[in-house]
Structure formats: C-alpha cells, structure tokens
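Participant: Contents are compact mmCIF, C-alpha atoms; file name coords-v8.txt:
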# COMPACT_ATOMS: atom_id res chain seq x y z
CA MET E 103 18.50 4.45 4.39
CA PRO E 104 15.28 4.10 2.30
CA ALA E 105 15.64 0.29 2.29
CA SER E 106 15.45 0.08 6.08
CA ILE E 107 12.61 2.60 6.20
CA PHE E 108 10.61 0.74 3.55
CA LEU E 109 11.29 -2.58 5.27
CA PHE E 110 10.13 -1.15 8.60
CA ILE E 111 6.97 0.33 7.06
CA ALA E 112 6.22 -2.94 5.25
CA ALA E 113 6.67 -4.95 8.46
CA CYS E 114 4.39 -2.62 10.41
CA SER E 115 1.84 -2.57 7.59
CA GLY E 116 1.83 -6.38 7.40
CA PHE E 117 1.29 -6.59 11.15
CA ILE E 118 -1.57 -4.08 10.97
CA ALA E 119 -3.15 -5.82 7.97
CA VAL E 120 -3.17 -9.17 9.78
CA ALA E 121 -4.61 -7.57 12.92
CA LEU E 122 -7.30 -5.70 10.98
CA GLY E 123 -8.13 -8.79 8.92
CA ALA E 124 -8.65 -10.80 12.11
CA PHE E 125 -10.62 -7.95 13.68
CA GLY E 126 -12.84 -7.78 10.61
CA ALA E 127 -13.38 -11.53 10.45
CA HIS E 128 -14.03 -12.03 14.16
CA GLY E 129 -14.93 -8.69 15.69
CA LEU E 130 -17.01 -7.04 12.99
CA LYS E 131 -18.87 -10.01 11.53
CA GLY E 132 -22.56 -9.49 12.16
CA ARG E 133 -21.99 -5.93 13.40
CA LEU E 134 -21.54 -4.27 10.03
CA ALA E 135 -23.83 -4.38 7.03
CA PRO E 136 -22.55 -6.79 4.36
CA TYR E 137 -21.66 -3.86 2.09
CA LEU E 138 -19.52 -2.25 4.81
CA MET E 139 -17.86 -5.60 5.57
CA ASP E 140 -16.92 -5.80 1.88
CA VAL E 141 -15.53 -2.27 2.06
CA PHE E 142 -13.45 -3.17 5.12
CA GLN E 143 -12.21 -6.39 3.50
CA THR E 144 -11.20 -4.50 0.34
CA GLY E 145 -9.07 -2.21 2.50
CA VAL E 146 -7.35 -5.21 4.11
CA GLN E 147 -6.72 -6.89 0.75
CA TYR E 148 -5.20 -3.83 -0.86
CA GLN E 149 -3.09 -3.16 2.21
CA PHE E 150 -1.72 -6.73 1.98
CA TYR E 151 -1.01 -6.46 -1.74
CA HIS E 152 0.84 -3.21 -1.35
CA THR E 153 2.65 -4.31 1.79
CA LEU E 154 4.18 -7.06 -0.36
CA ALA E 155 4.94 -4.53 -3.12
CA LEU E 156 6.66 -2.28 -0.57
CA LEU E 157 8.65 -5.25 0.72
CA LEU E 158 9.81 -5.89 -2.85
CA VAL E 159 10.82 -2.24 -3.20
CA ALA E 160 12.80 -2.46 0.05
CA VAL E 161 14.74 -5.44 -1.28
CA LEU E 162 15.32 -3.80 -4.66
CA VAL E 163 16.55 -0.57 -3.04
CA LEU E 164 19.29 -2.61 -1.35
CA HIS E 165 20.67 -3.43 -4.81
CA GLN E 166 19.68 -0.37 -6.84
CA ASN E 167 18.70 2.74 -4.93
CA GLY E 168 17.25 4.76 -7.79
CA ARG E 169 14.84 7.68 -7.64
CA ALA E 170 12.03 5.70 -9.29
CA LEU E 171 12.24 3.01 -6.61
CA ARG E 172 12.02 5.61 -3.86
CA ILE E 173 8.99 7.14 -5.58
CA ALA E 174 7.42 3.67 -5.80
CA GLY E 175 8.03 3.01 -2.10
CA TRP E 176 6.61 6.30 -0.91
CA SER E 177 3.68 6.02 -3.33
CA PHE E 178 2.78 2.56 -2.05
CA THR E 179 3.00 3.86 1.52
CA LEU E 180 0.80 6.87 0.78
CA GLY E 181 -1.64 4.67 -1.11
CA MET E 182 -2.02 2.29 1.82
CA ILE E 183 -2.72 5.18 4.17
CA LEU E 184 -5.21 6.96 1.90
CA PHE E 185 -6.86 4.04 0.11
CA SER E 186 -7.05 1.41 2.83
CA GLY E 187 -7.31 3.95 5.63
CA SER E 188 -10.29 5.68 4.05
CA LEU E 189 -12.01 2.34 3.48
CA TYR E 190 -11.47 1.31 7.10
CA LEU E 191 -12.88 4.60 8.35
CA LEU E 192 -15.78 4.47 5.89
CA ALA E 193 -16.70 0.95 7.01
CA LEU E 194 -16.39 1.71 10.73
CA THR E 195 -18.03 5.14 10.78
CA GLY E 196 -20.33 5.10 7.75
CA THR E 197 -19.01 8.55 6.84
CA HIS E 198 -19.47 8.54 3.08
CA TRP E 199 -17.41 11.64 2.25
CA LEU E 200 -14.36 9.50 3.03
CA GLY E 201 -15.09 7.72 -0.23
CA ALA E 202 -13.71 10.82 -1.97
CA VAL E 203 -10.28 10.13 -0.44
CA THR E 204 -10.12 6.55 -1.69
CA PRO E 205 -9.41 7.38 -5.37
CA VAL E 206 -6.48 9.59 -4.32
CA GLY E 207 -5.01 6.53 -2.62
CA GLY E 208 -5.69 4.54 -5.77
CA LEU E 209 -3.76 7.11 -7.79
CA ALA E 210 -0.87 6.77 -5.35
CA PHE E 211 -0.92 2.99 -5.91
CA LEU E 212 -0.89 3.51 -9.68
CA THR E 213 2.00 5.94 -9.35
CA GLY E 214 3.91 3.35 -7.35
CA TRP E 215 3.37 0.64 -9.94
CA ALA E 216 4.32 3.00 -12.79
CA ALA E 217 7.49 4.06 -10.95
CA LEU E 218 8.39 0.42 -10.33
CA ALA E 219 7.89 -0.36 -14.03
CA TYR E 220 10.01 2.66 -14.99
CA SER E 221 12.73 1.47 -12.63
CA ALA E 222 12.66 -1.96 -14.26
CA LEU E 223 13.01 -0.42 -17.73
CA GLN E 224 15.90 1.74 -16.57
CA LEU E 225 17.61 -1.25 -15.01
CA SER E 226 17.25 -3.30 -18.21
CA ARG E 227 18.78 -0.43 -20.22
CA ASN E 228 21.64 0.22 -17.83
CA PRO E 229 22.19 -2.52 -15.24
CA ASN E 230 24.74 -0.40 -13.36
CA ASN E 231 22.39 2.54 -12.70
CA ALA E 232 18.60 2.34 -12.39
CA ASP E 233 17.90 6.07 -12.64
Show how you would write the structure in this file as structure tokens.
Facilitator:
Amino acid sequence: MPASIFLFIAACSGFIAVALGAFGAHGLKGRLAPYLMDVFQTGVQYQFYHTLALLLVAVLVLHQNGRALRIAGWSFTLGMILFSGSLYLLALTGTHWLGAVTPVGGLAFLTGWAALAYSALQLSRNPNNAD
C-alpha cells in the first residue's frame, strides 16, 4: 500500500510543482520583490527535488517495503509541505514568522535522506530484508 500512496503523492506534488513554477515565472514576475521571487523559486526547486526522491522511494518500496523506506517517504512528504509550503506562503504573503517553519521542513528532508541511506545500508547487508 505505501508504494501506491507514495506514487500518488509524488504525482500530485510534481503536478503542483510544475503549476507553481509556471505561476511564479509568468504570474508573479514583476509583482514580487526579487528576494521574494527567489524565496518562491527555492520552494519550487526543493519540491521538485523531493518529488523525485519520493518517486524513487515509491519504486523501491515495490521491491523492499522496509520501515526505513516508509520513514523516508513520509519524511519527504512532510518536508515538502513544511519547507516548500512555508516558502510559498512567505513569498506570497510576506509573513516572516513563516520562516520559522522552514527549518522544520528542512529537518524532515534530512530525516528522509538519512532513512533512505539507512535502508540502502540494510539492503547491502541483507538483500532479502531491508529492515
């Protein structure tokens, strides 16, 4: 079940990232200060990177559904919501307290990458069971 959920989330996130990237490039250009455009663009970039990471996790879960992979998938998902979401809101509203949420999303991303690395180590030690 996690593979289909992660695949669905990755597909939706990719769709949203493309839409927001186009919106930023065409709808916000000239309407936001350059700094806020950079903030918005950073959110789009990190959403794309972690959409691809989540897609990888979805494929890996099909072959090896270990606990570490599930942690990686949910961490990437949470990171996209908190990190990219807070940057989008910060850029669009100028509400600076949202910047305090961004590092929590960054920690979720780091957790996802660490869990993915752990899963890889477990797989190399015991190819029949990742966790």
Participant: Which value, in Å to one decimal, gives the distance between atom CA of Ala121 of chain E and atom CA of Ala193 of chain E?
Facilitator: 15.9 Å
Participant: Using only C-alpha atoms, which of E:Gly168, E:Gly123, E:Gly196, E:Gly175 sits nearest Ala210 of chain E?
Facilitator: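 Checking each of E:Gly168, E:Gly123, E:Gly196, E:Gly175 against Ala210 of chain E, counting only C-alpha atoms, the winner is E:Gly175.
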Participant: Give the centre and edge lengths of an axis-aligned box, in Å to one decimal, that holds all listed atoms of segment 216-231 of chain E with 5 Å on each side, as lines of an AutoDock Vina configuration file.
Facilitator:
center_x = 14.5
center_y = 0.4
center_z = -15.3
size_x = 30.4
size_y = 17.4
size_z = 19.9
Participant: For Thr195 of chain E, list every protein, DNA or RNA residue within 12 Å, evaluated using all atoms listed in the file, and leave out those in the same chain fewer than 5 positions away; present the list as a list in words.
Facilitator: Leu134, Ala135, Leu138, Met139, Val141, Phe142, Gly187, Ser188, Leu189, Tyr190, Leu200 and Gly201 of chain E
Participant: Taking 5 positions as the minimum chain separation for residues in the same chain, which residues sit within 12 Å of Leu209 of chain E when counting all atoms listed in the file? Answer as a ChimeraX atom specification.
Facilitator: /E:174,177-182,184-185,203-204,214-216
Participant: Between atom CA of Tyr137 of chain E and atom CA of Leu154 of chain E, what distance in Å does the model show, to one decimal?
Facilitator: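 Interatomic distance here is 26.2 Å.
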Participant: Nearest residue to Leu156 of chain E out of E:Cys114, E:Leu192, E:Gly132, E:Ala124, using all atoms listed in the file?
Facilitator: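 So, comparing all the options, the nearest one is E:Cys114.
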Participant: Work out how far atom CA of Ala112 of chain E is from atom CA of Ala222 of chain E, in Å to one decimal.
Facilitator: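 Calculated distance between atom CA of Ala222 of chain E and atom CA of Ala112 of chain E is 20.6 Å.
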Participant: Considering all atoms listed in the file, can you say which of E:Leu130, E:Ile111, E:Leu171, E:Leu164 comes closest to His152 of chain E?
Facilitator: E:Ile111
Participant: Of the residues E:Leu218, E:Ala119, E:Ala155, E:Leu212, which is the one nearest to Arg172 of chain E, using only C-alpha atoms?
Facilitator: E:Leu218
Participant: Nearest to Gly145 of chain E: which of E:Ala105, E:Leu157, E:Leu122, E:Ala170 is it, counting all atoms listed in the file?
Facilitator: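 Between E:Ala105, E:Leu157, E:Leu122, E:Ala170, the residue approaching Gly145 of chain E most closely is E:Leu122.
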Participant: Counting all atoms listed in the file, figure out which residue out of E:Arg227, E:Gln143, E:Ile183, E:Val120 gets nearest to Pro205 of chain E.
Facilitator: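 Of E:Arg227, E:Gln143, E:Ile183, E:Val120, the one nearest Pro205 of chain E is E:Ile183, counting all atoms listed in the file.
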